[in-house]
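So this block is start_19.csv, CSV, C-alpha atoms:
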```
chain,number,residue,atom,x,y,z
A,1,MET,CA,-20.2,-1.4,2.5
A,2,ASN,CA,-19.3,0.7,-0.6
A,3,THR,CA,-21.7,3.4,0.6
A,4,PHE,CA,-19.6,3.8,3.7
A,5,PHE,CA,-16.4,4.6,1.8
A,6,GLN,CA,-18.3,6.8,-0.7
A,7,ASP,CA,-19.5,8.9,2.3
A,8,LEU,CA,-15.9,9.2,3.4
A,9,ARG,CA,-14.9,10.4,0.0
A,10,ARG,CA,-17.7,12.9,-0.1
A,11,ALA,CA,-16.8,14.2,3.3
A,12,ARG,CA,-13.2,14.7,2.2
A,13,GLU,CA,-14.3,16.5,-1.0
A,14,GLU,CA,-16.6,18.8,1.0
A,15,LYS,CA,-13.5,19.9,3.0
A,16,LYS,CA,-11.7,20.7,-0.3
A,17,LEU,CA,-9.0,18.2,0.6
A,18,SER,CA,-7.2,16.0,-1.9
A,19,LEU,CA,-5.9,12.5,-1.2
A,20,ALA,CA,-2.4,13.9,-1.2
A,21,ASP,CA,-3.4,16.3,1.6
A,22,ILE,CA,-4.6,13.3,3.6
A,23,ALA,CA,-1.4,11.4,2.9
A,24,ASP,CA,0.6,14.4,4.2
A,25,ARG,CA,-1.4,14.6,7.4
A,26,THR,CA,-1.6,10.9,8.2
A,27,LEU,CA,1.7,9.6,6.7
A,28,ILE,CA,-0.4,6.8,5.0
A,29,ASN,CA,0.8,5.7,1.6
A,30,LEU,CA,-1.3,7.3,-1.2
A,31,ARG,CA,-2.1,4.0,-2.9
A,32,TYR,CA,-3.6,2.7,0.4
A,33,LEU,CA,-5.8,5.8,0.6
A,34,GLU,CA,-7.0,5.3,-3.0
A,35,ALA,CA,-7.8,1.6,-2.3
A,36,LEU,CA,-9.6,2.6,0.9
A,37,GLU,CA,-11.9,5.0,-0.9
A,38,ARG,CA,-12.7,2.2,-3.4
A,39,GLY,CA,-13.7,-0.1,-0.5
A,40,GLU,CA,-10.8,-2.5,-1.1
A,41,THR,CA,-10.3,-3.5,2.5
A,42,SER,CA,-8.5,-6.8,1.6
A,43,ILE,CA,-5.2,-5.0,0.8
A,44,LEU,CA,-4.1,-5.1,4.5
A,45,PRO,CA,-4.9,-7.0,7.7
A,46,GLU,CA,-8.0,-5.9,9.5
A,47,ALA,CA,-6.1,-4.0,12.3
A,48,TYR,CA,-4.3,-1.9,9.6
A,49,VAL,CA,-7.5,-1.1,7.8
A,50,ARG,CA,-9.2,0.0,11.1
A,51,ALA,CA,-6.2,2.2,12.0
A,52,PHE,CA,-6.3,3.8,8.5
A,53,ILE,CA,-10.0,4.5,8.7
A,54,ARG,CA,-9.7,6.1,12.1
A,55,GLU,CA,-6.8,8.4,10.9
A,56,TYR,CA,-8.5,9.2,7.6
A,57,ALA,CA,-11.7,10.2,9.5
A,58,SER,CA,-9.8,12.4,11.9
A,59,ALA,CA,-7.9,14.1,9.1
A,60,ILE,CA,-11.2,15.2,7.4
A,61,GLY,CA,-12.8,16.4,10.7
A,62,LEU,CA,-14.9,13.3,11.6
A,63,ASP,CA,-15.0,11.4,14.9
A,64,GLY,CA,-12.6,8.6,14.4
A,65,ALA,CA,-14.1,6.3,17.0
A,66,GLU,CA,-17.7,6.9,15.8
A,67,THR,CA,-16.6,6.2,12.2
A,68,LEU,CA,-15.0,2.9,13.3
A,69,ARG,CA,-18.3,1.9,15.1
A,70,ARG,CA,-20.2,2.6,11.9
A,71,PHE,CA,-17.7,0.6,9.9
A,72,ASP,CA,-18.1,-2.4,12.3
A,73,GLN,CA,-21.9,-2.2,12.2
A,74,ILE,CA,-22.0,-2.2,8.4
A,75,ARG,CA,-19.6,-5.0,7.8
A,76,ARG,CA,-21.3,-7.3,10.4
A,77,PRO,CA,-23.5,-9.7,8.5
A,78,ALA,CA,-27.3,-9.4,9.3
A,79,PRO,CA,-28.7,-12.4,11.2
A,80,GLU,CA,-30.4,-15.0,9.1
A,81,PRO,CA,-34.1,-15.5,9.7
A,82,PRO,CA,-34.8,-18.7,11.7
A,83,ILE,CA,-35.9,-21.7,9.7
A,84,PRO,CA,-39.4,-22.7,10.8
A,85,SER,CA,-39.3,-26.1,12.3
A,86,ARG,CA,-41.8,-28.8,11.4
A,87,THR,CA,-42.7,-30.6,14.6
A,88,PRO,CA,-43.8,-34.2,13.8
A,89,PRO,CA,-47.0,-35.3,15.4
A,90,PRO,CA,-46.6,-36.9,18.8
A,91,VAL,CA,-46.1,-40.6,18.8
A,92,GLN,CA,-48.0,-42.6,21.3
A,93,ALA,CA,-45.5,-44.4,23.4
A,94,PRO,CA,-46.4,-48.1,24.1
A,95,LYS,CA,-47.7,-48.8,27.5
A,96,LYS,CA,-45.1,-50.2,29.7
A,97,PRO,CA,-45.8,-52.7,32.4
A,98,PRO,CA,-45.7,-51.3,35.9
A,99,PHE,CA,-42.2,-50.9,37.3
A,100,SER,CA,-41.1,-53.8,39.2
A,101,LEU,CA,-38.3,-54.3,41.7
A,102,ALA,CA,-36.9,-57.1,39.5
A,103,ALA,CA,-36.4,-54.7,36.5
A,104,SER,CA,-34.7,-52.0,38.6
A,105,SER,CA,-32.2,-54.5,39.9
A,106,LEU,CA,-30.7,-54.7,36.4
A,107,LEU,CA,-28.7,-51.4,37.0
A,108,THR,CA,-25.9,-52.5,39.4
A,109,PRO,CA,-23.8,-50.0,41.3
A,110,ARG,CA,-20.8,-50.8,39.0
A,111,MET,CA,-22.8,-49.9,35.9
A,112,ALA,CA,-24.0,-46.7,37.5
A,113,THR,CA,-20.4,-45.6,38.2
A,114,ILE,CA,-19.3,-46.3,34.6
A,115,ALA,CA,-22.3,-44.4,33.2
A,116,ALA,CA,-21.5,-41.3,35.3
A,117,GLY,CA,-17.9,-41.4,34.2
A,118,ALA,CA,-18.9,-41.5,30.6
A,119,VAL,CA,-21.1,-38.4,31.0
A,120,ILE,CA,-18.3,-36.5,32.7
A,121,VAL,CA,-15.9,-37.3,29.8
A,122,ALA,CA,-18.4,-36.3,27.2
A,123,VAL,CA,-19.0,-32.9,28.9
A,124,ALA,CA,-15.3,-32.2,29.2
A,125,ALA,CA,-14.8,-33.0,25.5
A,126,VAL,CA,-17.6,-30.6,24.5
A,127,LEU,CA,-16.1,-27.8,26.6
A,128,GLY,CA,-12.6,-28.4,25.2
A,129,TRP,CA,-13.9,-28.2,21.6
A,130,ASN,CA,-15.7,-24.9,22.3
A,131,LEU,CA,-12.6,-23.4,23.9
A,132,PHE,CA,-9.9,-24.5,21.5
A,133,SER,CA,-11.9,-24.9,18.2
A,134,PRO,CA,-9.9,-23.2,15.3
A,135,GLY,CA,-13.2,-21.8,14.0
A,136,SER,CA,-13.5,-19.5,17.1
A,137,PRO,CA,-13.0,-15.8,16.0
A,138,ALA,CA,-9.9,-14.2,17.3
A,139,PRO,CA,-10.3,-11.0,19.2
A,140,VAL,CA,-9.7,-7.7,17.3
A,141,THR,CA,-6.6,-5.9,18.7
A,142,GLU,CA,-5.7,-2.3,18.2
A,143,ILE,CA,-2.2,-1.4,17.1
A,144,PRO,CA,-0.6,2.0,17.7
A,145,PHE,CA,-1.0,4.0,14.5
A,146,GLN,CA,2.7,4.9,14.1
A,147,ASN,CA,3.6,1.1,14.2
A,148,VAL,CA,0.9,0.5,11.5
A,149,VAL,CA,2.5,3.1,9.3
A,150,ARG,CA,6.0,1.8,9.8
A,151,GLU,CA,4.9,-1.8,9.1
A,152,ALA,CA,2.9,-0.8,6.1
A,153,GLU,CA,5.8,1.1,4.6
A,154,ALA,CA,8.0,-1.9,5.3
A,155,VAL,CA,5.6,-4.1,3.4
A,156,THR,CA,5.5,-1.7,0.5
A,157,GLU,CA,9.3,-1.4,0.3
A,158,ALA,CA,9.6,-5.2,0.4
A,159,ALA,CA,7.2,-5.5,-2.5
A,160,HIS,CA,8.6,-2.6,-4.4
A,161,PRO,CA,12.2,-2.0,-3.5
A,162,PRO,CA,13.7,1.3,-4.5
A,163,PRO,CA,15.9,1.3,-7.6
A,164,PRO,CA,19.6,1.2,-6.9
A,165,PRO,CA,21.4,4.5,-7.0
A,166,PRO,CA,23.2,5.3,-10.3
A,167,VAL,CA,26.8,4.3,-10.4
A,168,ARG,CA,29.1,7.3,-10.7
A,169,HIS,CA,32.7,6.9,-11.8
A,170,VAL,CA,35.4,8.7,-9.9
A,171,ASP,CA,36.3,10.7,-13.0
A,172,SER,CA,32.8,11.9,-13.7
A,173,LEU,CA,32.2,14.4,-16.5
A,174,THR,CA,31.1,18.1,-16.0
A,175,LEU,CA,29.9,20.0,-19.1
A,176,SER,CA,29.6,23.8,-19.0
A,177,ALA,CA,27.9,26.0,-21.6
A,178,SER,CA,28.1,29.8,-22.2
A,179,VAL,CA,25.4,31.1,-24.6
A,180,SER,CA,26.0,34.2,-26.8
A,181,ASP,CA,22.8,34.0,-28.9
A,182,THR,CA,19.3,32.5,-28.8
A,183,LEU,CA,19.8,28.7,-28.8
A,184,TRP,CA,17.6,25.7,-28.9
A,185,MET,CA,19.3,22.6,-27.4
A,186,THR,CA,18.5,19.0,-26.3
A,187,ILE,CA,20.9,17.2,-24.0
A,188,THR,CA,20.8,13.5,-22.9
A,189,VAL,CA,22.9,12.7,-19.8
A,190,ASP,CA,24.0,9.0,-19.7
A,191,SER,CA,20.9,6.9,-20.1
A,192,LEU,CA,18.4,9.4,-18.6
A,193,PRO,CA,15.6,10.9,-20.6
A,194,PRO,CA,16.6,13.9,-22.8
A,195,HIS,CA,15.9,17.5,-21.7
A,196,GLU,CA,15.1,20.3,-24.0
A,197,TYR,CA,16.2,23.9,-23.4
A,198,ILE,CA,15.8,27.4,-25.0
A,199,PHE,CA,18.6,29.7,-23.9
A,200,HIS,CA,18.9,33.4,-24.4
A,201,PRO,CA,22.1,35.4,-24.8
A,202,GLY,CA,24.2,35.5,-21.6
A,203,ALA,CA,22.8,32.3,-20.2
A,204,LYS,CA,25.1,29.7,-18.5
A,205,ALA,CA,24.4,26.1,-17.6
A,206,THR,CA,26.3,23.1,-16.1
A,207,TRP,CA,25.5,19.4,-16.3
A,208,HIS,CA,27.2,16.3,-14.7
A,209,ALA,CA,27.4,12.8,-16.1
A,210,ALA,CA,29.1,9.5,-15.4
A,211,ASP,CA,29.9,8.5,-19.0
A,212,ARG,CA,28.7,10.8,-21.7
A,213,PHE,CA,26.5,13.6,-23.0
A,214,LEU,CA,24.6,13.6,-26.2
A,215,LEU,CA,23.8,17.0,-27.7
A,216,THR,CA,21.4,18.3,-30.4
A,217,LEU,CA,21.9,22.0,-31.2
A,218,GLY,CA,19.6,24.4,-33.2
A,219,ASN,CA,22.2,27.2,-33.4
A,220,ALA,CA,25.5,25.4,-33.0
A,221,GLY,CA,27.7,28.5,-33.2
A,222,ALA,CA,25.8,30.3,-30.4
A,223,VAL,CA,27.2,28.4,-27.5
A,224,SER,CA,30.7,27.5,-26.2
A,225,PHE,CA,31.3,24.4,-24.2
A,226,ALA,CA,33.9,23.3,-21.6
A,227,LEU,CA,34.3,19.6,-20.6
A,228,ASN,CA,35.9,19.1,-17.2
A,229,GLN,CA,37.1,22.7,-17.5
A,230,LYS,CA,38.8,22.0,-20.8
A,231,SER,CA,37.5,24.5,-23.5
A,232,LEU,CA,35.8,22.9,-26.5
A,233,GLY,CA,34.6,26.1,-28.0
A,234,ALA,CA,31.7,26.1,-30.4
A,235,LEU,CA,30.8,22.7,-31.9
A,236,GLY,CA,29.5,24.1,-35.2
A,237,ARG,CA,28.8,27.3,-37.2
A,238,ARG,CA,26.3,29.9,-36.2
A,239,GLY,CA,22.8,29.0,-37.5
A,240,SER,CA,23.7,25.4,-38.2
A,241,VAL,CA,21.9,22.4,-36.8
A,242,MET,CA,23.9,19.5,-35.3
A,243,ARG,CA,22.3,16.3,-34.1
A,244,ASN,CA,23.4,13.6,-31.6
A,245,VAL,CA,26.8,15.0,-30.9
A,246,PRO,CA,28.5,12.8,-28.2
A,247,LEU,CA,30.8,14.2,-25.6
A,248,THR,CA,32.8,11.6,-23.6
A,249,ARG,CA,36.3,11.0,-22.1
A,250,GLN,CA,37.4,10.2,-25.6
A,251,THR,CA,36.5,13.8,-26.5
A,252,LEU,CA,39.0,15.1,-23.9
A,253,ALA,CA,41.6,12.7,-25.2
A,254,GLY,CA,41.2,13.9,-28.8
A,255,ARG,CA,41.6,17.6,-27.8
```
Representation of the structure as structure tokens:
Amino acid sequence: MNTFFQDLRRAREEKKLSLADIADRTLINLRYLEALERGETSILPEAYVRAFIREYASAIGLDGAETLRRFDQIRRPAPEPPIPSRTPPPVQAPKKPPFSLAASSLLTPRMATIAAGAVIVAVAAVLGWNLFSPGSPAPVTEIPFQNVVREAEAVTEAAHPPPPPPVRHVDSLTLSASVSDTLWMTITVDSLPPHEYIFHPGAKATWHAADRFLLTLGNAGAVSFALNQKSLGALGRRGSVMRNVPLTRQTLAGR
């Protein structure tokens, strides 16, 4: 089975296609494509896996239907060799006395009717078991590919819901910077990861925050700031280093 998926990966690589290219062409989630190339077919129901294999094969220039037939042949278990039977030696049946009219008269018409009814009931029970046995394999059904993609995305979103959007206050903060000399600067907006910049003379930049900015400046006198259009000027002397300078609504209130 793994050879089948390795062949798919080699065919993709020969076409100079990445898994991201296949995801763009087929709309299949990238993590499902990665699992498919590893042969991890248990990640989704069988109908989904078959649809993904068909679309993957078509995207890399293979015959989707032929690829599915090969997949079905490989995963079908080989038949087990028959177990040789050991036939016991024939047993000599004891000789019976010649049939007599007195012995045949033991099977009355009533008994014959009961025996025939019992045979009919037994046959019906066997047929019912074969038709409705839970062990009978269910037929494989094909699902339209777009439905498969939508349902797979719904499963993914249910398992990994997107993070809630950041809460923005009505009175959000806007910080503007005007640079007059070469400046190294790090800014942290709210609780997001910090960003580092190197500005040259004449550069301008603007940031937005919900609650606060945190600044570290390598040439504090080389930049003038405005918070919500209120001028703050330079925060330090030219050439000085200032670390972790907060700018919040309290900064506006103190100015």
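Comparing A:Asn29, A:Glu46, A:Ser18, A:Gly221 by their smallest distance to A:Met242, the closest is A:Gly221 (using all atoms listed in the file).
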Atom CA of A:Leu183 to atom CA of A:Ala222 measures 6.4 Å
Contact residues around A:Glu40 with only C-alpha atoms at 12 Å, ignoring same-chain residues under 2 positions, as a ChimeraX atom specification
/A:1-2,4-6,31-38,42-46,49
Name all residues at most 8 Å from A:Ala209 (count only C-alpha atoms; drop same-chain ones fewer than 3 positions away) and give them as a PyMOL selection string.
chain A and resi 168+172-174+189-190+212-213
Write out as JSON, numbers by chain the residues lying within 12 Å of A:Thr3, counting all atoms listed in the file and excluding same-chain residues fewer than 4 positions away.
{"A": [7, 8, 9, 10, 37, 38, 39, 70, 71, 74, 75]}
With C-alpha atoms retained, write the just-selected residues as a PDB file, keeping the file's coordinate frame.
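This is the output file result_0.pdb:
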```
ATOM      1  CA  ASP A   7     -19.500   8.900   2.300  1.00  0.00           C
ATOM      2  CA  LEU A   8     -15.900   9.200   3.400  1.00  0.00           C
ATOM      3  CA  ARG A   9     -14.900  10.400   0.000  1.00  0.00           C
ATOM      4  CA  ARG A  10     -17.700  12.900  -0.100  1.00  0.00           C
ATOM      5  CA  GLU A  37     -11.900   5.000  -0.900  1.00  0.00           C
ATOM      6  CA  ARG A  38     -12.700   2.200  -3.400  1.00  0.00           C
ATOM      7  CA  GLY A  39     -13.700  -0.100  -0.500  1.00  0.00           C
ATOM      8  CA  ARG A  70     -20.200   2.600  11.900  1.00  0.00           C
ATOM      9  CA  PHE A  71     -17.700   0.600   9.900  1.00  0.00           C
ATOM     10  CA  ILE A  74     -22.000  -2.200   8.400  1.00  0.00           C
ATOM     11  CA  ARG A  75     -19.600  -5.000   7.800  1.00  0.00           C
TER      12      ARG A  75
END
```
Shortest interatomic distance to A:Arg69 - which of A:Leu19, A:Glu14, A:Ile53, A:Ser231, counting only C-alpha atoms:
A:Ile53
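Counting all atoms listed in the file, the residue from A:Ala11, A:Leu214, A:Val223, A:Val245 that sits nearest to A:Thr182 is A:Val223.
Between atom CA of A:Ala226 and atom CA of A:Pro193 the interatomic distance comes to 22.1 Å.
For the choices A:Thr186, A:Gln229, A:Ser191, A:Ser224, the atom-to-atom distance to A:Arg243 is smallest for A:Thr186 when using all atoms listed in the file.
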From atom CA of A:Ala47 to atom CA of A:Lys16 the spacing works out at 28.3 Å
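Nearest residue to A:Glu13, choosing from A:Ile60, A:Thr206, A:Arg238, A:Leu227 and counting all atoms listed in the file: A:Ile60.
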